[in-house]
Every structure is written in C-alpha cells, then in structure tokens.
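Engineer: Sharing coords.cif below, mmCIF, C-alpha atoms and all ligand atoms:
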data_coords
loop_
_atom_site.label_atom_id
_atom_site.label_comp_id
_atom_site.auth_asym_id
_atom_site.auth_seq_id
_atom_site.Cartn_x
_atom_site.Cartn_y
_atom_site.Cartn_z
CA MET A 1 -44.10 -55.03 -70.00
CA SER A 2 -42.22 -52.48 -67.94
CA LEU A 3 -39.25 -50.55 -69.15
CA ALA A 4 -35.83 -51.90 -68.20
CA ILE A 5 -32.34 -50.59 -68.90
CA THR A 6 -29.26 -52.80 -68.62
CA PRO A 7 -25.78 -51.25 -69.08
CA LEU A 8 -23.51 -52.85 -71.70
CA THR A 9 -20.18 -51.36 -70.58
CA PRO A 10 -19.08 -49.27 -67.57
CA HIS A 11 -19.19 -45.99 -69.53
CA ILE A 12 -21.36 -46.21 -72.61
CA GLY A 13 -24.29 -48.17 -74.01
CA ALA A 14 -27.29 -49.93 -72.50
CA ARG A 15 -29.99 -52.30 -73.67
CA LEU A 16 -33.53 -51.00 -73.31
CA THR A 17 -36.55 -53.33 -73.26
CA GLY A 18 -40.23 -52.75 -72.56
CA ILE A 19 -40.86 -50.21 -75.35
CA ASP A 20 -42.64 -50.96 -78.62
CA ALA A 21 -41.29 -48.47 -81.16
CA ARG A 22 -44.01 -49.48 -83.64
CA ARG A 23 -46.72 -47.81 -81.56
CA PRO A 24 -47.18 -44.32 -80.17
CA ILE A 25 -45.32 -43.97 -76.87
CA SER A 26 -46.34 -41.91 -73.85
CA PRO A 27 -44.63 -38.72 -72.63
CA ALA A 28 -43.42 -40.73 -69.62
CA GLU A 29 -41.81 -43.28 -71.93
CA VAL A 30 -40.18 -40.50 -73.98
CA ALA A 31 -38.82 -39.02 -70.75
CA ALA A 32 -37.50 -42.42 -69.62
CA ILE A 33 -35.71 -42.95 -72.94
CA GLU A 34 -34.20 -39.46 -72.77
CA ALA A 35 -33.05 -40.10 -69.21
CA GLY A 36 -31.48 -43.37 -70.36
CA MET A 37 -29.77 -41.54 -73.22
CA ASP A 38 -28.45 -38.86 -70.89
CA ARG A 39 -26.91 -41.56 -68.76
CA HIS A 40 -25.73 -44.16 -71.30
CA ALA A 41 -25.45 -42.11 -74.57
CA VAL A 42 -26.32 -45.21 -76.65
CA LEU A 43 -29.44 -47.37 -76.26
CA VAL A 44 -30.02 -50.67 -78.02
CA LEU A 45 -33.69 -51.62 -78.47
CA PRO A 46 -33.90 -55.23 -79.63
CA ARG A 47 -36.73 -56.70 -81.74
CA GLN A 48 -38.17 -53.50 -83.20
CA ASP A 49 -39.48 -54.61 -86.58
CA VAL A 50 -40.49 -51.10 -87.67
CA THR A 51 -41.72 -49.83 -91.02
CA ASP A 52 -40.26 -46.59 -92.37
CA GLU A 53 -43.41 -44.72 -91.24
CA GLN A 54 -43.16 -46.17 -87.72
CA GLN A 55 -39.48 -45.29 -87.50
CA LEU A 56 -40.24 -41.71 -88.51
CA ALA A 57 -43.11 -41.42 -86.01
CA PHE A 58 -40.91 -42.84 -83.22
CA THR A 59 -38.08 -40.44 -84.10
CA ARG A 60 -40.37 -37.37 -83.98
CA ASN A 61 -40.83 -37.98 -80.24
CA PHE A 62 -37.30 -36.67 -79.79
CA GLY A 63 -37.53 -33.41 -81.69
CA PRO A 64 -37.54 -32.04 -85.22
CA LEU A 65 -36.01 -34.22 -87.91
CA GLU A 66 -32.67 -33.43 -89.42
CA GLU A 67 -33.50 -33.63 -93.12
CA GLY A 68 -31.27 -33.64 -96.13
CA ALA A 69 -28.78 -36.18 -94.82
CA ASN A 70 -28.42 -37.34 -98.41
CA SER A 71 -27.34 -33.91 -99.61
CA THR A 72 -24.87 -35.35 -102.07
CA VAL A 73 -27.35 -37.79 -103.66
CA ARG A 74 -29.70 -36.52 -106.35
CA ALA A 75 -33.39 -36.82 -105.40
CA ALA A 76 -34.07 -39.15 -108.33
CA GLU A 77 -31.47 -41.59 -107.00
CA LEU A 78 -32.89 -41.90 -103.47
CA ARG A 79 -34.04 -45.35 -102.39
CA LEU A 80 -35.75 -44.09 -99.21
CA ALA A 81 -37.85 -41.07 -98.26
CA PRO A 82 -35.67 -37.94 -97.99
CA ALA A 83 -36.00 -37.86 -94.19
CA PHE A 84 -33.87 -41.02 -94.07
CA ALA A 85 -30.13 -41.33 -94.27
CA ASP A 86 -29.70 -44.43 -96.39
CA VAL A 87 -26.59 -46.08 -95.00
CA SER A 88 -27.23 -49.33 -96.83
CA ASN A 89 -25.10 -50.61 -99.69
CA LEU A 90 -28.13 -50.74 -102.00
CA ASP A 91 -29.22 -48.60 -104.90
CA ARG A 92 -32.77 -47.70 -105.94
CA ASP A 93 -33.55 -51.06 -107.49
CA GLY A 94 -32.24 -53.00 -104.53
CA THR A 95 -28.96 -54.12 -106.06
CA ARG A 96 -25.62 -53.64 -104.32
CA LEU A 97 -23.69 -50.50 -105.15
CA ALA A 98 -20.90 -51.11 -107.61
CA ARG A 99 -17.32 -50.79 -106.45
CA ASP A 100 -16.80 -47.37 -108.04
CA ASN A 101 -20.27 -46.01 -107.23
CA ARG A 102 -20.11 -42.41 -106.04
CA ARG A 103 -22.51 -42.94 -103.14
CA ARG A 104 -20.43 -45.93 -102.04
CA MET A 105 -17.28 -43.82 -102.14
CA ALA A 106 -18.89 -41.16 -99.99
CA SER A 107 -20.36 -43.67 -97.52
CA LEU A 108 -16.93 -45.16 -96.87
CA GLY A 109 -16.49 -42.02 -94.75
CA ASN A 110 -18.65 -43.78 -92.13
CA ARG A 111 -15.64 -46.01 -91.42
CA LEU A 112 -13.97 -42.99 -89.80
CA TRP A 113 -14.91 -41.97 -86.25
CA HIS A 114 -17.49 -39.19 -86.55
CA SER A 115 -20.49 -37.43 -85.10
CA ASP A 116 -23.45 -37.22 -87.49
CA ALA A 117 -24.02 -33.86 -89.17
CA SER A 118 -21.32 -32.16 -87.12
CA PHE A 119 -20.72 -30.21 -90.36
CA ARG A 120 -24.12 -28.50 -90.06
CA ALA A 121 -24.68 -25.26 -88.18
CA VAL A 122 -27.36 -27.11 -86.20
CA PRO A 123 -25.81 -30.55 -85.86
CA ALA A 124 -27.58 -33.79 -84.96
CA ARG A 125 -28.97 -34.71 -81.57
CA TYR A 126 -30.16 -38.33 -81.76
CA SER A 127 -29.48 -40.76 -84.58
CA ILE A 128 -31.79 -43.77 -84.73
CA LEU A 129 -30.49 -46.62 -86.85
CA SER A 130 -32.68 -49.56 -87.80
CA GLY A 131 -31.04 -52.82 -88.82
CA ARG A 132 -33.32 -54.19 -91.55
CA ILE A 133 -30.77 -56.58 -93.07
CA VAL A 134 -27.69 -57.00 -90.92
CA THR A 135 -24.29 -58.54 -91.48
CA THR A 136 -22.80 -61.36 -89.47
CA ALA A 137 -19.21 -61.00 -90.71
CA GLY A 138 -18.01 -57.44 -90.14
CA GLY A 139 -20.28 -54.38 -90.17
CA ASN A 140 -20.30 -53.80 -86.41
CA THR A 141 -20.99 -50.25 -85.34
CA GLU A 142 -18.69 -48.89 -82.64
CA PHE A 143 -19.50 -46.03 -80.28
CA ALA A 144 -17.06 -44.00 -78.21
CA ASP A 145 -17.96 -41.98 -75.11
CA MET A 146 -16.84 -38.36 -75.50
CA ARG A 147 -17.76 -37.54 -71.89
CA ALA A 148 -15.51 -40.23 -70.44
CA ALA A 149 -12.84 -39.15 -72.93
CA TYR A 150 -13.10 -35.56 -71.73
CA ASP A 151 -13.02 -36.58 -68.06
CA ALA A 152 -9.84 -38.59 -68.65
CA LEU A 153 -7.86 -35.66 -70.12
CA ASP A 154 -5.17 -34.20 -67.90
CA ALA A 155 -5.81 -30.76 -66.42
CA ARG A 156 -3.46 -29.02 -68.83
CA THR A 157 -5.19 -30.46 -71.90
CA LYS A 158 -8.62 -29.67 -70.46
CA ALA A 159 -7.57 -26.05 -70.11
CA GLU A 160 -6.16 -26.03 -73.62
CA VAL A 161 -9.27 -27.43 -75.35
CA GLU A 162 -11.75 -25.40 -73.32
CA THR A 163 -12.05 -22.47 -75.73
CA LEU A 164 -11.01 -24.07 -79.02
CA VAL A 165 -13.31 -23.85 -82.05
CA CYS A 166 -13.08 -26.33 -84.95
CA GLU A 167 -14.10 -26.17 -88.61
CA HIS A 168 -16.26 -29.11 -89.71
CA SER A 169 -17.08 -30.03 -93.31
CA LEU A 170 -17.99 -33.15 -95.27
CA ILE A 171 -15.21 -32.16 -97.62
CA TYR A 172 -12.62 -32.69 -94.86
CA SER A 173 -13.78 -36.21 -93.92
CA ARG A 174 -13.97 -37.31 -97.53
CA GLN A 175 -10.58 -35.84 -98.32
CA GLN A 176 -9.08 -38.01 -95.58
CA LEU A 177 -9.98 -41.01 -97.74
CA GLY A 178 -8.75 -39.39 -100.93
CA PHE A 179 -12.23 -38.57 -102.22
CA SER A 180 -12.09 -35.14 -103.76
CA GLU A 181 -14.57 -35.06 -106.65
CA PHE A 182 -16.84 -32.30 -105.44
CA LEU A 183 -19.22 -30.44 -107.71
CA PRO A 184 -19.16 -26.63 -107.55
CA ASP A 185 -22.55 -26.47 -105.79
CA GLU A 186 -21.37 -29.07 -103.27
CA ARG A 187 -18.36 -26.95 -102.40
CA VAL A 188 -20.82 -24.19 -101.50
CA SER A 189 -23.22 -26.42 -99.52
CA MET A 190 -20.28 -28.05 -97.73
CA ARG A 191 -18.65 -24.83 -96.59
CA PRO A 192 -17.12 -25.43 -93.14
CA VAL A 193 -19.13 -24.60 -90.04
CA LEU A 194 -17.69 -23.74 -86.64
CA GLN A 195 -18.23 -25.87 -83.53
CA ARG A 196 -16.82 -25.62 -80.02
CA LEU A 197 -14.47 -28.50 -79.22
CA VAL A 198 -15.86 -28.79 -75.69
CA ARG A 199 -19.61 -29.06 -75.24
CA THR A 200 -21.65 -29.02 -72.05
CA HIS A 201 -24.71 -31.25 -71.97
CA PRO A 202 -27.79 -29.07 -71.33
CA VAL A 203 -29.37 -31.56 -68.88
CA THR A 204 -26.51 -33.36 -67.13
CA GLY A 205 -24.01 -30.50 -67.22
CA ARG A 206 -21.31 -32.99 -68.21
CA LYS A 207 -18.62 -31.81 -70.57
CA SER A 208 -17.65 -33.78 -73.65
CA LEU A 209 -15.28 -33.54 -76.59
CA PHE A 210 -17.01 -32.68 -79.85
CA LEU A 211 -14.70 -34.63 -82.14
CA SER A 212 -15.46 -35.87 -85.65
CA ALA A 213 -13.77 -36.94 -88.86
CA HIS A 214 -15.42 -33.86 -90.35
CA ILE A 215 -12.95 -31.58 -88.52
CA GLY A 216 -10.38 -30.04 -90.86
CA ALA A 217 -9.05 -27.07 -88.90
CA ILE A 218 -8.91 -25.35 -85.53
CA VAL A 219 -9.60 -21.62 -85.71
CA SER A 220 -6.37 -19.58 -85.61
CA TRP A 221 -4.10 -22.65 -85.46
CA PRO A 222 -1.73 -23.69 -88.24
CA ARG A 223 -3.52 -26.52 -90.04
CA PRO A 224 -0.96 -29.33 -89.64
CA GLU A 225 -0.62 -28.57 -85.93
CA ALA A 226 -4.39 -28.61 -85.57
CA MET A 227 -4.78 -31.89 -87.42
CA ALA A 228 -2.00 -33.57 -85.44
CA PHE A 229 -3.71 -32.49 -82.21
CA ILE A 230 -7.16 -33.64 -83.39
CA ARG A 231 -5.66 -37.01 -84.28
CA ASP A 232 -4.18 -37.35 -80.81
CA LEU A 233 -7.51 -36.46 -79.22
CA ILE A 234 -9.42 -38.95 -81.40
CA GLU A 235 -6.91 -41.66 -80.54
CA HIS A 236 -7.31 -40.87 -76.85
CA ALA A 237 -11.11 -40.72 -77.08
CA THR A 238 -11.53 -44.03 -78.88
CA GLN A 239 -9.42 -46.27 -76.68
CA PRO A 240 -11.21 -49.55 -75.88
CA GLU A 241 -12.19 -48.45 -72.37
CA PHE A 242 -14.51 -45.79 -73.82
CA VAL A 243 -15.98 -47.92 -76.65
CA TYR A 244 -19.05 -50.09 -77.03
CA ALA A 245 -18.97 -52.29 -80.16
CA HIS A 246 -22.43 -53.24 -81.37
CA ARG A 247 -22.85 -56.51 -83.20
CA TRP A 248 -26.15 -56.29 -85.05
CA THR A 249 -29.15 -58.57 -84.80
CA GLN A 250 -31.94 -58.05 -87.33
CA HIS A 251 -34.51 -55.46 -86.15
CA ASP A 252 -32.23 -53.86 -83.59
CA LEU A 253 -32.99 -50.17 -83.25
CA VAL A 254 -29.97 -48.30 -81.93
CA ILE A 255 -30.18 -44.71 -80.68
CA TRP A 256 -27.09 -42.61 -80.04
CA ASP A 257 -26.55 -39.06 -78.86
CA ASN A 258 -24.28 -37.29 -81.35
CA ARG A 259 -23.54 -34.59 -78.77
CA THR A 260 -21.74 -37.02 -76.49
CA THR A 261 -20.48 -39.84 -78.74
CA MET A 262 -18.61 -40.66 -81.92
CA HIS A 263 -19.27 -43.77 -83.98
CA ARG A 264 -17.96 -45.68 -86.96
CA VAL A 265 -18.91 -48.77 -88.97
CA ARG A 266 -16.37 -51.57 -89.36
CA ARG A 267 -15.37 -53.03 -92.69
CA PHE A 268 -17.47 -55.77 -94.26
CA ASP A 269 -17.65 -57.35 -97.68
CA ASP A 270 -20.14 -54.88 -99.13
CA LEU A 271 -19.64 -56.04 -102.72
CA THR A 272 -21.14 -59.46 -102.00
CA ILE A 273 -23.16 -59.03 -98.77
CA VAL A 274 -26.34 -56.92 -98.43
CA ARG A 275 -26.57 -54.57 -95.44
CA ASP A 276 -29.77 -52.54 -95.22
CA MET A 277 -29.56 -49.94 -92.47
CA ARG A 278 -31.86 -46.91 -92.28
CA ARG A 279 -31.16 -43.88 -90.13
CA THR A 280 -33.47 -41.15 -88.93
CA THR A 281 -32.00 -38.17 -87.13
CA THR A 282 -33.14 -35.29 -84.94
CA ARG A 283 -31.60 -31.81 -84.91
C1 LIG B 301 -24.78 -43.56 -89.61
C2 LIG B 301 -23.56 -44.37 -89.63
C3 LIG B 301 -22.91 -46.62 -89.25
C4 LIG B 301 -23.34 -47.97 -89.69
O1 LIG B 301 -25.86 -44.11 -89.87
O2 LIG B 301 -24.67 -42.37 -89.33
O3 LIG B 301 -22.49 -43.86 -89.48
O4 LIG B 301 -23.08 -48.92 -88.95
N1 LIG B 301 -23.77 -45.67 -89.76
O5 LIG B 301 -23.92 -48.09 -90.77
MN MN B 302 -22.82 -41.73 -88.89
#
Translate the structure of the given file into structure tokens.
Structural biologist:
Amino acid sequence: MSLAITPLTPHIGARLTGIDARRPISPAEVAAIEAGMDRHAVLVLPRQDVTDEQQLAFTRNFGPLEEGANSTVRAAELRLAPAFADVSNLDRDGTRLARDNRRRMASLGNRLWHSDASFRAVPARYSILSGRIVTTAGGNTEFADMRAAYDALDARTKAEVETLVCEHSLIYSRQQLGFSEFLPDERVSMRPVLQRLVRTHPVTGRKSLFLSAHIGAIVSWPRPEAMAFIRDLIEHATQPEFVYAHRWTQHDLVIWDNRTTMHRVRRFDDLTIVRDMRRTTTR
C-alpha cells in the first residue's frame, strides 16, 4: 500500500494511510511522515493496533525519547513502562482512578490548552498518542495551529511578541485549576524554565507561538499583565478556524508536533467510563 496524506482542515491535521506502525519503517517512510508533520502539524494514523513495544520502536524513528513524563507519580504506582505518559484514567490494577486521586487531579491539567513538556529545558518534539480504549461520549482531543495563529497576528503584536521570553512550569498549569499540593522535591523539579514565545521551525522556517497552560510569567513583565496577555493570545490562537477536533476510533495513533501546536482533551465521564490512552514522546 502506498502512503497517502489527506488534509482534515485547511490549516491543521491530516490523515495518513499506507504505514504499518507495528513494523520497522524505512528511512524514506520516516522522511515522508516528517514532511507530513512539517506541513500539517498533526497526523492521524487509523487502525494501528500497536503493542507498547511497537509503539516505542515506532517513536524512536523520530528521535530520542522524552522520559520521565510521569515525574509526579512514584515508580511503584506506574501502570506502564516509564517511557510512557499514562494519560488513561486507570490505576495499576486497571481500575478507574477515584475522584480524589492525586494522579487524576494532576491529569485534569490536560483539559487546558498546552504543549507537552514545555516546562522542560528541552521540551517535546513529537507526541504519539495511541487510543487503546477510546470514549464515544466526550474525550475528544483538540489541536490548535500555532503557526496559523502567529500568521494571523497584527503587525504590532508580532513585533511585541518577537523577543518575549516566558516562564513555564507544571506548578503554574496546576495552580490554574486550584491544585497546589506540591511536595518539597516537586517544587525543586518543577522550577520554571524559560522559553521564547516565538519559535521558528528549523525546517520550514515558519514562525509559531509557543503558548501553553504551563506559562506563569513573562520575563520582566508584571505578572498580572503577563497573564492577561497570555490569555488573550491563547484565546486568539484557539479560535475554531485554527483547530482540528479529533474524535477517537480505537487503535488510532495520533502524532502532533509540540513545537507548532497546542492541544487539550475535552471533558468526559471519567468516573464511569474507561479511557486508555498511552503517549510516547520525543525530545
Ligand atoms: C497528552 C494529552 C490528551 C488526551 O497525552 O499529552 O494531553 O486526549 N492527552 O488524552
Ligand atoms: Mn498533553
């Protein structure tokens, strides 16, 4: 079967067929996927019934893994291998997380528009999310195009954001939802990192806004002024024109470029429905 890419919206997202993520892929196929990512920023690969090992092997085609995504979960509590971000609502023995579960509280942060690992000095490149058990009511994942959002800024705002630097931390995104129970060692590991607000894609040369719920300050700006501005930019960047909303089918594998997109999960009834989603990530 030959590789085919079909756009899903004018700006962002495409469906990719003709690749079997369960088997080793050729350098030409890797290059074609990367070219598709550079153009569409999000690729949906349907019918990829991968094992954890196959998902990891597929992910390694796109660079070194970003490990430690579960930094706030103790090793003994992990359901999946540490290279995975477990974004399911399941605990180690496969039962749904209780309403007041700490991991559940933290994962509610995924409902806010964000870019994965933007709070790390070396943030994420690709995220690859496998839908093992998907929801039919709620639980869509939405993606917003930060290149189109940048392009649509007026000239004055473009000039203003050009040199701005933001502080990103997991503490900031969790605080937005009123979650503030951080352990002393977490406060150290979650110390803010600095990221430029405007990024230039190394291959396409396109500029994009590096926005994320993890932003809690702009360097040398008063904090409330910074946060009001960041809110305005996020509102601008996530208007429907720039968004692709993905409704999951079991065994979809969705790849997004965290350098050029933000994403969020929509609300679903996680206390009664099982949603098993497993993410691998490259640096
Ligand atoms: C993620 C994430 C969204 C979802 O895996 O990084 O934000 O739909 N997940 O579960
Ligand atoms: Mn995420």
Engineer: Given the choices A:Asp116, A:Glu142, A:Glu53, A:Glu225, which gets closest to ligand MN 302 (chain B) if the distance is worked out from only C-alpha atoms and all ligand atoms?
Structural biologist: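 Going through A:Asp116, A:Glu142, A:Glu53, A:Glu225 one by one, the smallest distance to ligand MN 302 (chain B) is for A:Asp116.
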Engineer: To one decimal in Å, tell me the separation between atom CA of Glu67 of chain A and atom CA of Phe84 of chain A.
Structural biologist: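 Rounded to one decimal, the two atoms are 7.5 Å apart.
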Engineer: Step by step, measure atom-to-atom distances between ligand MN 302 (chain B) and each residue using all atoms listed in the file, keep those at most 7 Å, then write them as a ChimeraX atom specification.
Structural biologist: /A:110,114-116,263-264
Engineer: Got a sec to check which residues lie within 9 Å of ligand LIG 301 (chain B), using only C-alpha atoms and all ligand atoms, and send them as an MDAnalysis selection string?
Structural biologist: chainID A and resid 85:88 107 109:117 127:131 139:142 246 248 263:266 275:281
Engineer: Limited to C-alpha atoms, could you put the picked residues into a file as an mmCIF file, keeping the file's coordinate frame?
Structural biologist:
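Dumped to out18.cif:
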data_model
loop_
_atom_site.group_PDB
_atom_site.id
_atom_site.type_symbol
_atom_site.label_atom_id
_atom_site.label_comp_id
_atom_site.auth_asym_id
_atom_site.auth_seq_id
_atom_site.Cartn_x
_atom_site.Cartn_y
_atom_site.Cartn_z
ATOM 1 C CA ALA A 85 -30.130 -41.330 -94.270
ATOM 2 C CA ASP A 86 -29.700 -44.430 -96.390
ATOM 3 C CA VAL A 87 -26.590 -46.080 -95.000
ATOM 4 C CA SER A 88 -27.230 -49.330 -96.830
ATOM 5 C CA SER A 107 -20.360 -43.670 -97.520
ATOM 6 C CA GLY A 109 -16.490 -42.020 -94.750
ATOM 7 C CA ASN A 110 -18.650 -43.780 -92.130
ATOM 8 C CA ARG A 111 -15.640 -46.010 -91.420
ATOM 9 C CA LEU A 112 -13.970 -42.990 -89.800
ATOM 10 C CA TRP A 113 -14.910 -41.970 -86.250
ATOM 11 C CA HIS A 114 -17.490 -39.190 -86.550
ATOM 12 C CA SER A 115 -20.490 -37.430 -85.100
ATOM 13 C CA ASP A 116 -23.450 -37.220 -87.490
ATOM 14 C CA ALA A 117 -24.020 -33.860 -89.170
ATOM 15 C CA SER A 127 -29.480 -40.760 -84.580
ATOM 16 C CA ILE A 128 -31.790 -43.770 -84.730
ATOM 17 C CA LEU A 129 -30.490 -46.620 -86.850
ATOM 18 C CA SER A 130 -32.680 -49.560 -87.800
ATOM 19 C CA GLY A 131 -31.040 -52.820 -88.820
ATOM 20 C CA GLY A 139 -20.280 -54.380 -90.170
ATOM 21 C CA ASN A 140 -20.300 -53.800 -86.410
ATOM 22 C CA THR A 141 -20.990 -50.250 -85.340
ATOM 23 C CA GLU A 142 -18.690 -48.890 -82.640
ATOM 24 C CA HIS A 246 -22.430 -53.240 -81.370
ATOM 25 C CA TRP A 248 -26.150 -56.290 -85.050
ATOM 26 C CA HIS A 263 -19.270 -43.770 -83.980
ATOM 27 C CA ARG A 264 -17.960 -45.680 -86.960
ATOM 28 C CA VAL A 265 -18.910 -48.770 -88.970
ATOM 29 C CA ARG A 266 -16.370 -51.570 -89.360
ATOM 30 C CA ARG A 275 -26.570 -54.570 -95.440
ATOM 31 C CA ASP A 276 -29.770 -52.540 -95.220
ATOM 32 C CA MET A 277 -29.560 -49.940 -92.470
ATOM 33 C CA ARG A 278 -31.860 -46.910 -92.280
ATOM 34 C CA ARG A 279 -31.160 -43.880 -90.130
ATOM 35 C CA THR A 280 -33.470 -41.150 -88.930
ATOM 36 C CA THR A 281 -32.000 -38.170 -87.130
#
Engineer: Between atom CA of Thr261 of chain A and atom CA of Leu56 of chain A, measure the distance and give it in Å to one decimal.
Structural biologist: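 Between atom CA of Thr261 of chain A and atom CA of Leu56 of chain A the gap works out to 22.1 Å.
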Engineer: Select, from A:Arg60, A:Arg96, A:Arg247, A:Arg104, the residue with the minimum atom-to-atom distance to Ile273 of chain A, counting all atoms listed in the file.
Structural biologist: A:Arg96
Engineer: Determine, using all atoms listed in the file, which residues of segment 153-199 of chain A have any atom at most 12 Å from an atom of segment 207-216 of chain A, and tabulate each with its shortest atom pair and distance in Å to one decimal place, rows ordered by chain and then rising number, as a Markdown table.
Structural biologist:
| residue | atom | partner | partner_atom | distance |
| --- | --- | --- | --- | --- |
| A:Leu153 | CA | A:Leu209 | CA | 10.1 |
| A:Thr157 | CA | A:Leu209 | CA | 11.5 |
| A:Lys158 | CA | A:Leu209 | CA | 9.8 |
| A:Val161 | CA | A:Leu209 | CA | 8.7 |
| A:Glu162 | CA | A:Leu209 | CA | 9.5 |
| A:Thr163 | CA | A:Leu209 | CA | 11.6 |
| A:Leu164 | CA | A:Phe210 | CA | 10.5 |
| A:Val165 | CA | A:Phe210 | CA | 9.8 |
| A:Cys166 | CA | A:Ile215 | CA | 6.4 |
| A:Glu167 | CA | A:Ile215 | CA | 5.5 |
| A:His168 | CA | A:Ile215 | CA | 4.3 |
| A:Ser169 | CA | A:His214 | CA | 5.1 |
| A:Leu170 | CA | A:His214 | CA | 5.6 |
| A:Ile171 | CA | A:His214 | CA | 7.5 |
| A:Tyr172 | CA | A:Gly216 | CA | 5.3 |
| A:Ser173 | CA | A:His214 | CA | 4.6 |
| A:Arg174 | CA | A:His214 | CA | 8.1 |
| A:Gln175 | CA | A:Gly216 | CA | 9.5 |
| A:Gln176 | CA | A:Ala213 | CA | 8.3 |
| A:Leu177 | CA | A:Ala213 | CA | 10.5 |
| A:Met190 | CA | A:His214 | CA | 10.6 |
| A:Arg191 | CA | A:Gly216 | CA | 11.3 |
| A:Pro192 | CA | A:Gly216 | CA | 8.5 |
| A:Val193 | CA | A:Ile215 | CA | 9.4 |
| A:Leu194 | CA | A:Ile215 | CA | 9.4 |
| A:Gln195 | CA | A:Phe210 | CA | 7.8 |
| A:Arg196 | CA | A:Phe210 | CA | 7.1 |
| A:Leu197 | CA | A:Phe210 | CA | 4.9 |
| A:Val198 | CA | A:Leu209 | CA | 4.9 |
| A:Arg199 | CA | A:Ser208 | CA | 5.4 |
Engineer: Give me the residues near Asp20 of chain A as a list in words, where near means some atom within 9 Å (using all atoms listed in the file) and where sequence neighbours in that chain fewer than 2 positions away do not count.
Structural biologist: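 These residues fall inside the cut-off: Thr17, Gly18, Arg22, Arg23, Pro24, Ile25, Leu45, Arg47 and Gln48 of chain A.
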Engineer: Restricting it to C-alpha atoms, dump the selection as a tab-separated table (two decimals), in the coordinates of the input.
Structural biologist:
chain	number	residue	atom	x	y	z
A	17	THR	CA	-36.55	-53.33	-73.26
A	18	GLY	CA	-40.23	-52.75	-72.56
A	22	ARG	CA	-44.01	-49.48	-83.64
A	23	ARG	CA	-46.72	-47.81	-81.56
A	24	PRO	CA	-47.18	-44.32	-80.17
A	25	ILE	CA	-45.32	-43.97	-76.87
A	45	LEU	CA	-33.69	-51.62	-78.47
A	47	ARG	CA	-36.73	-56.70	-81.74
A	48	GLN	CA	-38.17	-53.50	-83.20
Engineer: Report, in Å with one decimal, the straight-line distance from atom CA of Arg283 of chain A to atom CA of Ile12 of chain A.
Structural biologist: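 Separation between atom CA of Arg283 of chain A and atom CA of Ile12 of chain A: 21.5 Å.
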Engineer: Neighbours of Ala148 of chain A within 12 Å (all atoms listed in the file; same-chain residues fewer than 5 positions away dropped), as a ChimeraX atom specification?
Structural biologist: /A:10-12,39-41,153,206-209,236-243,260-262
Engineer: Have a look at A:His251, A:Arg231, A:His201, A:Arg103 and name the one nearest to Met37 of chain A; count only C-alpha atoms.
Structural biologist: A:His201
Engineer: Using all atoms listed in the file, which of A:Asp93, A:Glu160, A:Asp145, A:Asp252 sits nearest Ala21 of chain A?
Structural biologist: A:Asp252
Engineer: List as a CSV table (one decimal) with C-alpha atoms, keeping the file's coordinate frame the residues having at least one atom at most 9 Å from position (-19.5, -63.8, -92.0) as given in the file, counting all atoms listed in the file.
Structural biologist:
chain,number,residue,atom,x,y,z
A,135,THR,CA,-24.3,-58.5,-91.5
A,136,THR,CA,-22.8,-61.4,-89.5
A,137,ALA,CA,-19.2,-61.0,-90.7
A,138,GLY,CA,-18.0,-57.4,-90.1
A,268,PHE,CA,-17.5,-55.8,-94.3
A,269,ASP,CA,-17.6,-57.4,-97.7
